[in-house]
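Pasted below: my_file.cif, mmCIF, C-alpha atoms.
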data_coords
loop_
_atom_site.group_PDB
_atom_site.id
_atom_site.type_symbol
_atom_site.label_atom_id
_atom_site.label_comp_id
_atom_site.auth_asym_id
_atom_site.auth_seq_id
_atom_site.Cartn_x
_atom_site.Cartn_y
_atom_site.Cartn_z
ATOM 1 C CA MET A 195 101.817 87.483 178.494
ATOM 2 C CA ILE A 196 101.982 89.850 175.531
ATOM 3 C CA THR A 197 100.701 88.283 172.344
ATOM 4 C CA ARG A 198 102.605 88.727 169.092
ATOM 5 C CA THR A 199 100.139 88.978 166.238
ATOM 6 C CA ARG A 200 100.211 91.002 163.044
ATOM 7 C CA THR A 201 97.669 91.188 160.270
ATOM 8 C CA ARG A 202 99.378 90.476 156.946
ATOM 9 C CA ALA A 203 98.309 90.743 153.342
ATOM 10 C CA ALA A 204 97.790 87.322 151.854
ATOM 11 C CA ALA A 205 99.205 88.348 148.534
ATOM 12 C CA LEU A 206 100.959 91.490 147.397
ATOM 13 C CA GLY A 207 102.296 92.716 144.095
ATOM 14 C CA LEU A 208 102.641 95.557 141.676
ATOM 15 C CA ALA A 209 100.381 95.759 138.691
ATOM 16 C CA ALA A 210 102.186 95.284 135.363
ATOM 17 C CA LEU A 211 105.314 97.375 135.316
ATOM 18 C CA ALA A 212 105.792 97.300 131.577
ATOM 19 C CA GLY A 213 108.749 98.901 129.849
ATOM 20 C CA CYS A 214 106.657 100.873 127.385
ATOM 21 C CA ALA A 215 105.901 104.554 127.149
ATOM 22 C CA GLY A 216 102.510 105.468 125.708
ATOM 23 C CA ASP A 217 100.431 108.371 127.052
ATOM 24 C CA ASP A 218 101.579 108.014 130.650
ATOM 25 C CA GLY A 219 104.950 109.726 130.229
ATOM 26 C CA PRO A 220 108.443 108.167 130.106
ATOM 27 C CA PRO A 221 109.021 104.389 130.195
ATOM 28 C CA ILE A 222 107.930 102.603 133.372
ATOM 29 C CA THR A 223 110.408 100.018 134.711
ATOM 30 C CA ASP A 224 110.674 97.856 137.820
ATOM 31 C CA GLU A 225 113.755 99.747 139.014
ATOM 32 C CA TYR A 226 113.792 102.076 142.006
ATOM 33 C CA VAL A 227 114.474 105.731 141.234
ATOM 34 C CA PRO A 228 115.035 108.587 143.737
ATOM 35 C CA LEU A 229 111.927 110.709 144.298
ATOM 36 C CA VAL A 230 113.317 113.337 146.703
ATOM 37 C CA THR A 231 116.591 113.433 148.678
ATOM 38 C CA ALA A 232 118.729 115.783 150.766
ATOM 39 C CA ASP A 233 122.444 115.852 151.669
ATOM 40 C CA TRP A 234 123.308 116.608 155.299
ATOM 41 C CA THR A 235 126.186 116.774 157.800
ATOM 42 C CA LEU A 236 125.767 116.492 161.568
ATOM 43 C CA ALA A 237 128.306 117.183 164.296
ATOM 44 C CA ALA A 238 129.067 114.623 167.003
ATOM 45 C CA GLY A 239 126.324 114.253 169.609
ATOM 46 C CA ARG A 240 123.937 116.577 167.739
ATOM 47 C CA GLU A 241 120.240 116.302 166.898
ATOM 48 C CA ASP A 242 118.846 118.458 164.089
ATOM 49 C CA TYR A 243 116.407 118.761 161.188
ATOM 50 C CA THR A 244 117.036 119.234 157.465
ATOM 51 C CA CYS A 245 114.349 119.859 154.840
ATOM 52 C CA ALA A 246 114.378 119.801 151.041
ATOM 53 C CA THR A 247 111.788 120.498 148.369
ATOM 54 C CA LYS A 248 111.394 119.059 144.882
ATOM 55 C CA THR A 249 108.824 120.131 142.276
ATOM 56 C CA ILE A 250 107.334 117.272 140.223
ATOM 57 C CA THR A 251 106.989 118.067 136.521
ATOM 58 C CA GLU A 252 104.736 115.171 135.433
ATOM 59 C CA ASP A 253 102.019 113.060 137.010
ATOM 60 C CA THR A 254 103.754 110.275 138.948
ATOM 61 C CA TYR A 255 102.073 107.025 140.027
ATOM 62 C CA ILE A 256 103.858 104.953 142.675
ATOM 63 C CA GLY A 257 103.407 101.293 143.605
ATOM 64 C CA ALA A 258 106.414 100.643 145.860
ATOM 65 C CA LEU A 259 108.518 102.824 148.156
ATOM 66 C CA ARG A 260 111.907 102.340 149.822
ATOM 67 C CA PRO A 261 113.525 104.801 152.255
ATOM 68 C CA ILE A 262 117.076 106.044 151.775
ATOM 69 C CA GLY A 263 118.184 106.172 155.411
ATOM 70 C CA PRO A 264 121.900 105.980 156.226
ATOM 71 C CA PRO A 265 123.054 106.065 159.889
ATOM 72 C CA GLY A 266 121.971 109.328 161.499
ATOM 73 C CA THR A 267 118.496 109.298 159.912
ATOM 74 C CA HIS A 268 116.081 109.078 162.857
ATOM 75 C CA HIS A 269 112.899 109.473 160.846
ATOM 76 C CA THR A 270 111.680 110.854 157.530
ATOM 77 C CA VAL A 271 108.388 112.510 156.600
ATOM 78 C CA ILE A 272 107.260 113.898 153.247
ATOM 79 C CA ALA A 273 104.438 116.363 152.669
ATOM 80 C CA LEU A 274 102.770 117.527 149.469
ATOM 81 C CA GLY A 275 102.814 121.242 148.681
ATOM 82 C CA ASN A 276 102.715 123.382 145.547
ATOM 83 C CA ALA A 277 105.414 124.849 143.319
ATOM 84 C CA ALA A 278 104.144 128.287 144.299
ATOM 85 C CA ASP A 279 105.602 127.626 147.756
ATOM 86 C CA GLY A 280 109.029 128.595 146.387
ATOM 87 C CA PRO A 281 111.995 127.209 144.436
ATOM 88 C CA ASP A 282 113.440 123.797 145.179
ATOM 89 C CA ARG A 283 116.083 123.975 147.900
ATOM 90 C CA THR A 284 117.673 122.280 150.935
ATOM 91 C CA PHE A 285 117.503 124.166 154.232
ATOM 92 C CA PRO A 286 117.489 123.857 158.044
ATOM 93 C CA CYS A 287 114.025 123.340 159.543
ATOM 94 C CA GLY A 288 112.202 121.993 162.581
ATOM 95 C CA PRO A 289 109.860 119.083 163.359
ATOM 96 C CA GLU A 290 107.153 118.523 160.736
ATOM 97 C CA PHE A 291 104.391 116.106 159.792
ATOM 98 C CA GLY A 292 103.696 114.863 156.277
ATOM 99 C CA ASP A 293 100.662 113.669 154.354
ATOM 100 C CA PHE A 294 102.585 111.595 151.783
ATOM 101 C CA TRP A 295 105.197 109.353 153.477
ATOM 102 C CA ALA A 296 106.834 108.502 156.797
ATOM 103 C CA SER A 297 109.590 106.084 157.829
ATOM 104 C CA GLY A 298 111.948 105.413 160.730
ATOM 105 C CA LEU A 299 114.960 103.344 161.717
ATOM 106 C CA GLY A 300 115.012 100.052 159.864
ATOM 107 C CA THR A 301 111.985 100.781 157.649
ATOM 108 C CA ASP A 302 112.325 98.672 154.502
ATOM 109 C CA GLU A 303 110.508 98.444 151.190
ATOM 110 C CA LEU A 304 106.719 98.855 151.136
ATOM 111 C CA VAL A 305 104.892 97.344 148.157
ATOM 112 C CA LEU A 306 101.282 98.520 147.864
ATOM 113 C CA PRO A 307 98.438 96.138 146.962
ATOM 114 C CA GLU A 308 97.487 95.764 143.327
ATOM 115 C CA GLY A 309 95.336 98.688 142.186
ATOM 116 C CA VAL A 310 96.531 101.028 144.973
ATOM 117 C CA GLY A 311 99.116 103.756 144.515
ATOM 118 C CA LEU A 312 100.460 107.032 145.790
ATOM 119 C CA VAL A 313 100.066 109.852 143.279
ATOM 120 C CA VAL A 314 101.959 113.111 142.820
ATOM 121 C CA ARG A 315 100.408 115.445 140.261
ATOM 122 C CA ALA A 316 102.500 117.623 137.990
ATOM 123 C CA GLY A 317 103.175 120.974 139.632
ATOM 124 C CA ARG A 318 103.043 119.627 143.176
ATOM 125 C CA GLN A 319 106.086 120.130 145.379
ATOM 126 C CA LEU A 320 107.357 117.414 147.706
ATOM 127 C CA ARG A 321 108.684 118.660 151.047
ATOM 128 C CA LEU A 322 111.115 116.236 152.640
ATOM 129 C CA SER A 323 111.738 116.609 156.392
ATOM 130 C CA LEU A 324 114.611 114.677 157.977
ATOM 131 C CA HIS A 325 115.012 114.231 161.733
ATOM 132 C CA LEU A 326 118.732 113.589 162.204
ATOM 133 C CA PHE A 327 120.458 112.237 165.309
ATOM 134 C CA ASN A 328 124.180 111.598 165.687
ATOM 135 C CA ALA A 329 124.853 109.481 168.768
ATOM 136 C CA SER A 330 128.531 109.005 167.859
ATOM 137 C CA ASP A 331 131.582 111.005 168.919
ATOM 138 C CA ALA A 332 132.503 112.032 165.357
ATOM 139 C CA PRO A 333 130.771 114.065 162.608
ATOM 140 C CA ILE A 334 128.698 112.096 160.093
ATOM 141 C CA SER A 335 127.285 112.932 156.655
ATOM 142 C CA GLY A 336 124.784 111.288 154.377
ATOM 143 C CA THR A 337 122.060 111.501 151.766
ATOM 144 C CA SER A 338 118.556 110.589 152.955
ATOM 145 C CA GLY A 339 115.161 110.540 151.291
ATOM 146 C CA LEU A 340 112.879 108.219 149.345
ATOM 147 C CA GLU A 341 113.125 106.134 146.204
ATOM 148 C CA VAL A 342 110.133 104.617 144.417
ATOM 149 C CA ARG A 343 109.008 102.208 141.745
ATOM 150 C CA ARG A 344 106.552 103.795 139.350
ATOM 151 C CA LEU A 345 103.300 102.459 137.980
ATOM 152 C CA GLU A 346 101.445 103.235 134.807
ATOM 153 C CA ARG A 347 98.420 105.446 135.320
ATOM 154 C CA SER A 348 96.012 102.659 134.342
ATOM 155 C CA ALA A 349 97.330 100.484 137.207
ATOM 156 C CA VAL A 350 96.085 102.847 139.956
ATOM 157 C CA ALA A 351 92.393 102.468 140.776
ATOM 158 C CA HIS A 352 92.700 103.848 144.338
ATOM 159 C CA GLU A 353 94.853 106.791 145.435
ATOM 160 C CA ALA A 354 96.240 106.276 148.947
ATOM 161 C CA HIS A 355 96.940 108.982 151.539
ATOM 162 C CA LEU A 356 98.938 109.084 154.779
ATOM 163 C CA SER A 357 97.499 109.969 158.205
ATOM 164 C CA PHE A 358 98.791 110.047 161.823
ATOM 165 C CA HIS A 359 96.717 108.802 164.788
ATOM 166 C CA GLY A 360 97.581 108.449 168.475
ATOM 167 C CA PRO A 361 97.678 110.085 171.933
ATOM 168 C CA PHE A 362 99.615 113.281 172.644
ATOM 169 C CA ALA A 363 98.855 113.806 176.339
ATOM 170 C CA PHE A 364 100.918 111.345 178.363
ATOM 171 C CA SER A 365 103.678 111.466 180.977
ATOM 172 C CA ILE A 366 105.736 108.320 181.526
ATOM 173 C CA PRO A 367 107.002 108.115 185.128
ATOM 174 C CA PRO A 368 110.608 107.071 185.819
ATOM 175 C CA ASP A 369 109.761 103.963 187.815
ATOM 176 C CA GLY A 370 110.641 101.177 185.366
ATOM 177 C CA VAL A 371 107.015 99.950 185.356
ATOM 178 C CA PRO A 372 105.096 99.497 182.069
ATOM 179 C CA TYR A 373 102.983 102.583 181.308
ATOM 180 C CA SER A 374 100.326 102.745 178.564
ATOM 181 C CA ALA A 375 98.383 105.472 176.766
ATOM 182 C CA THR A 376 95.429 105.015 174.418
ATOM 183 C CA ASN A 377 93.642 107.137 171.815
ATOM 184 C CA GLN A 378 90.407 106.469 169.934
ATOM 185 C CA VAL A 379 89.336 108.429 166.854
ATOM 186 C CA SER A 380 87.135 108.144 163.774
ATOM 187 C CA ILE A 381 89.070 108.227 160.508
ATOM 188 C CA GLY A 382 85.972 108.366 158.285
ATOM 189 C CA ASP A 383 85.040 105.913 155.556
ATOM 190 C CA ARG A 384 88.424 104.536 154.511
ATOM 191 C CA THR A 385 90.140 101.331 153.448
ATOM 192 C CA ALA A 386 93.437 100.773 155.296
ATOM 193 C CA VAL A 387 96.197 99.177 153.203
ATOM 194 C CA ALA A 388 99.368 99.639 155.319
ATOM 195 C CA ILE A 389 100.427 100.626 158.852
ATOM 196 C CA PHE A 390 103.614 102.090 160.322
ATOM 197 C CA PRO A 391 103.745 101.927 164.150
ATOM 198 C CA HIS A 392 105.990 104.700 165.485
ATOM 199 C CA MET A 393 107.382 105.191 168.998
ATOM 200 C CA HIS A 394 110.809 106.185 170.315
ATOM 201 C CA GLN A 395 113.495 104.508 172.418
ATOM 202 C CA LEU A 396 111.357 103.686 175.488
ATOM 203 C CA GLY A 397 108.643 101.960 173.437
ATOM 204 C CA ARG A 398 107.941 98.348 174.402
ATOM 205 C CA HIS A 399 104.607 97.357 172.834
ATOM 206 C CA PHE A 400 102.274 98.751 170.155
ATOM 207 C CA ARG A 401 98.677 97.892 169.359
ATOM 208 C CA ALA A 402 96.261 99.320 166.821
ATOM 209 C CA ARG A 403 92.790 97.988 166.138
ATOM 210 C CA VAL A 404 89.469 99.005 164.627
ATOM 211 C CA LEU A 405 86.505 98.977 167.038
ATOM 212 C CA PRO A 406 83.324 98.622 164.967
ATOM 213 C CA ALA A 407 80.235 100.600 165.891
ATOM 214 C CA GLY A 408 77.675 98.460 167.702
ATOM 215 C CA GLY A 409 80.165 96.422 169.687
ATOM 216 C CA ALA A 410 81.219 93.807 167.126
ATOM 217 C CA ALA A 411 84.609 92.135 167.507
ATOM 218 C CA ALA A 412 87.623 94.371 166.951
ATOM 219 C CA THR A 413 89.869 94.014 163.897
ATOM 220 C CA THR A 414 93.539 94.014 164.885
ATOM 221 C CA LEU A 415 95.875 95.946 162.607
ATOM 222 C CA TRP A 416 98.992 95.459 164.747
ATOM 223 C CA ASP A 417 99.734 93.908 168.161
ATOM 224 C CA ASP A 418 103.404 93.283 168.812
ATOM 225 C CA ASP A 419 106.431 94.150 170.900
ATOM 226 C CA TYR A 420 108.114 97.309 169.632
ATOM 227 C CA GLN A 421 111.675 97.536 168.368
ATOM 228 C CA PHE A 422 113.002 101.069 167.855
ATOM 229 C CA GLU A 423 115.763 99.841 165.520
ATOM 230 C CA SER A 424 113.343 97.940 163.265
ATOM 231 C CA GLN A 425 110.353 100.131 162.412
ATOM 232 C CA GLU A 426 108.344 98.285 159.792
ATOM 233 C CA PHE A 427 105.838 99.881 157.396
ATOM 234 C CA ALA A 428 103.712 96.785 156.817
ATOM 235 C CA PRO A 429 100.988 96.046 154.254
ATOM 236 C CA LEU A 430 97.465 95.168 155.388
ATOM 237 C CA PRO A 431 94.835 93.086 153.542
ATOM 238 C CA SER A 432 92.664 96.094 152.535
ATOM 239 C CA ILE A 433 90.665 96.543 155.746
ATOM 240 C CA PRO A 434 87.473 98.644 155.404
ATOM 241 C CA VAL A 435 86.805 101.206 158.149
ATOM 242 C CA ARG A 436 83.475 103.001 158.501
ATOM 243 C CA ALA A 437 82.998 106.550 159.787
ATOM 244 C CA ALA A 438 81.175 105.237 162.879
ATOM 245 C CA ASP A 439 84.079 102.941 163.785
ATOM 246 C CA GLN A 440 86.917 103.930 166.099
ATOM 247 C CA LEU A 441 90.612 103.460 165.417
ATOM 248 C CA GLU A 442 92.196 102.633 168.779
ATOM 249 C CA THR A 443 95.951 103.152 169.217
ATOM 250 C CA THR A 444 97.692 101.941 172.392
ATOM 251 C CA CYS A 445 101.380 102.319 173.232
ATOM 252 C CA THR A 446 103.262 100.853 176.183
ATOM 253 C CA TRP A 447 106.612 102.191 177.417
ATOM 254 C CA ILE A 448 109.086 101.394 180.178
ATOM 255 C CA ASN A 449 110.925 104.498 181.341
ATOM 256 C CA THR A 450 114.456 103.483 182.281
ATOM 257 C CA THR A 451 115.619 107.094 182.731
ATOM 258 C CA SER A 452 115.617 109.193 185.913
ATOM 259 C CA LYS A 453 113.096 111.749 184.594
ATOM 260 C CA THR A 454 109.444 111.814 183.521
ATOM 261 C CA VAL A 455 109.197 111.553 179.726
ATOM 262 C CA SER A 456 106.354 113.119 177.713
ATOM 263 C CA TRP A 457 105.368 113.519 174.067
ATOM 264 C CA GLY A 458 107.971 115.249 171.921
ATOM 265 C CA ASP A 459 109.864 115.209 168.628
ATOM 266 C CA SER A 460 113.289 114.588 170.155
ATOM 267 C CA SER A 461 114.737 111.076 170.209
ATOM 268 C CA ASN A 462 114.873 111.506 174.001
ATOM 269 C CA ALA A 463 111.120 112.229 174.203
ATOM 270 C CA GLU A 464 108.366 109.830 173.132
ATOM 271 C CA MET A 465 105.674 109.424 170.471
ATOM 272 C CA CYS A 466 102.784 107.053 169.820
ATOM 273 C CA PHE A 467 101.462 106.982 166.270
ATOM 274 C CA ALA A 468 99.543 104.565 164.115
ATOM 275 C CA ILE A 469 100.586 105.965 160.747
ATOM 276 C CA LEU A 470 98.142 104.652 158.146
ATOM 277 C CA LEU A 471 98.066 104.492 154.387
ATOM 278 C CA SER A 472 94.461 104.324 153.277
ATOM 279 C CA TYR A 473 92.096 105.305 150.460
#
Structure translated into structure tokens:
Amino acid sequence: MITRTRTRAAALGLAALAGCAGDDGPPITDEYVPLVTADWTLAAGREDYTCATKTITEDTYIGALRPIGPPGTHHTVIALGNAADGPDRTFPCGPEFGDFWASGLGTDELVLPEGVGLVVRAGRQLRLSLHLFNASDAPISGTSGLEVRRLERSAVAHEAHLSFHGPFAFSIPPDGVPYSATNQVSIGDRTAVAIFPHMHQLGRHFRARVLPAGGAAATTLWDDDYQFESQEFAPLPSIPVRAADQLETTCTWINTTSKTVSWGDSSNAEMCFAILLSY
């Protein structure tokens, strides 16, 4: 029997979101504000990608994030670039990874632990990449992206970063039998604070755990049945990982189609990622 266990933070919260200005820029409030967005339109039955860039003009400290994902938004990733990469614009693109944010269907608000934040320095350029999929028989339009709640600079002791970990080489046979693939990798000396398990429509179970060097008991980050329509980005209770440890990611699928399915960006292909926020 598959166990259903998830590691949860015992207590979460934002550090004081005061409504004062001071040396940290404009007033900080507890309201969500858009960070980067893009408008899009997609024909019936189409799958496509839209990108947008936005240059940040002041240092921005973030303690909570909430995707803007109307129907048609398959997944969202955001990377950090530089203003020298070109003017802000919205344009067609292809599959991309990001080192700042990722979300999927059903991803809700993520509140980071006290003292931890995402940081965008003035002059950096956010690059939003939207994977769009219209399964309906009519055109759809929307605005997708990310909104955030800001922190004061003094509230961020640890700057978090995003990373992707999981197997790429797998082929899921069309026999309706559970099929699993596993990857182990060192992520260096880090402290994990949140995890986003990501698979596609054939995903059935996801597990991620830290295997300590020397054979000590594993620390489970996530072990649960997978739901494509409800992809949670969940906080963790600040789990330390050493460079000698291994992050193990295991995905299980059941291929109900008539063809072998391998890794790919399309909604009709598959992925297996433990997407971590860590510092």
Worksheet item: When distances are computed from all atoms listed in the file, which of A:Arg436, A:Arg344, A:Lys453, A:Arg321 shows the smallest separation from Asp293 (chain A)?
Response: A:Arg321
Worksheet, complete the sentence: Counting all atoms listed in the file, the residue among A:Ser432, A:Thr235, A:Thr450, A:Thr267 that lies closest to Arg384 (chain A) is A:Ser432
Item to complete: Find the residues around region 370-373 of chain A up to 7 Å (only C-alpha atoms counted), leave out those fewer than 2 positions away in its own chain, and share them as a PyMOL selection string.
Response: chain A and resi 366+368+446-450
Just-selected residues, C-alpha atoms written as a PDB file, keeping the file's coordinate frame:
ATOM      1  CA  ILE A 366     105.736 108.320 181.526  1.00  0.00           C
ATOM      2  CA  PRO A 368     110.608 107.071 185.819  1.00  0.00           C
ATOM      3  CA  THR A 446     103.262 100.853 176.183  1.00  0.00           C
ATOM      4  CA  TRP A 447     106.612 102.191 177.417  1.00  0.00           C
ATOM      5  CA  ILE A 448     109.086 101.394 180.178  1.00  0.00           C
ATOM      6  CA  ASN A 449     110.925 104.498 181.341  1.00  0.00           C
ATOM      7  CA  THR A 450     114.456 103.483 182.281  1.00  0.00           C
TER       8      THR A 450
END
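Between Gly298 (chain A) and the residues A:Thr284, A:Thr247, A:Asn328, A:Gln425, the shortest atom-to-atom distance, using all atoms listed in the file, involves A:Gln425.
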Draw an axis-aligned box over all listed atoms of region 371-381 of chain A, pad each side with 8 Å, and write its centre and edge lengths in Å, one decimal, as JSON.
{"center_x": 97.1, "center_y": 104.0, "center_z": 172.9, "size_x": 35.9, "size_y": 24.9, "size_z": 40.8}
Practice prompt. Tell me which protein, DNA and RNA residues are within 8 Å of region 392-396 of chain A, counting only C-alpha atoms, leaving out same-chain ones fewer than 2 positions away, and put them as an MDAnalysis selection string.
Written response: chainID A and resid 298 390 398 420 422 425 445 447:450 461:469
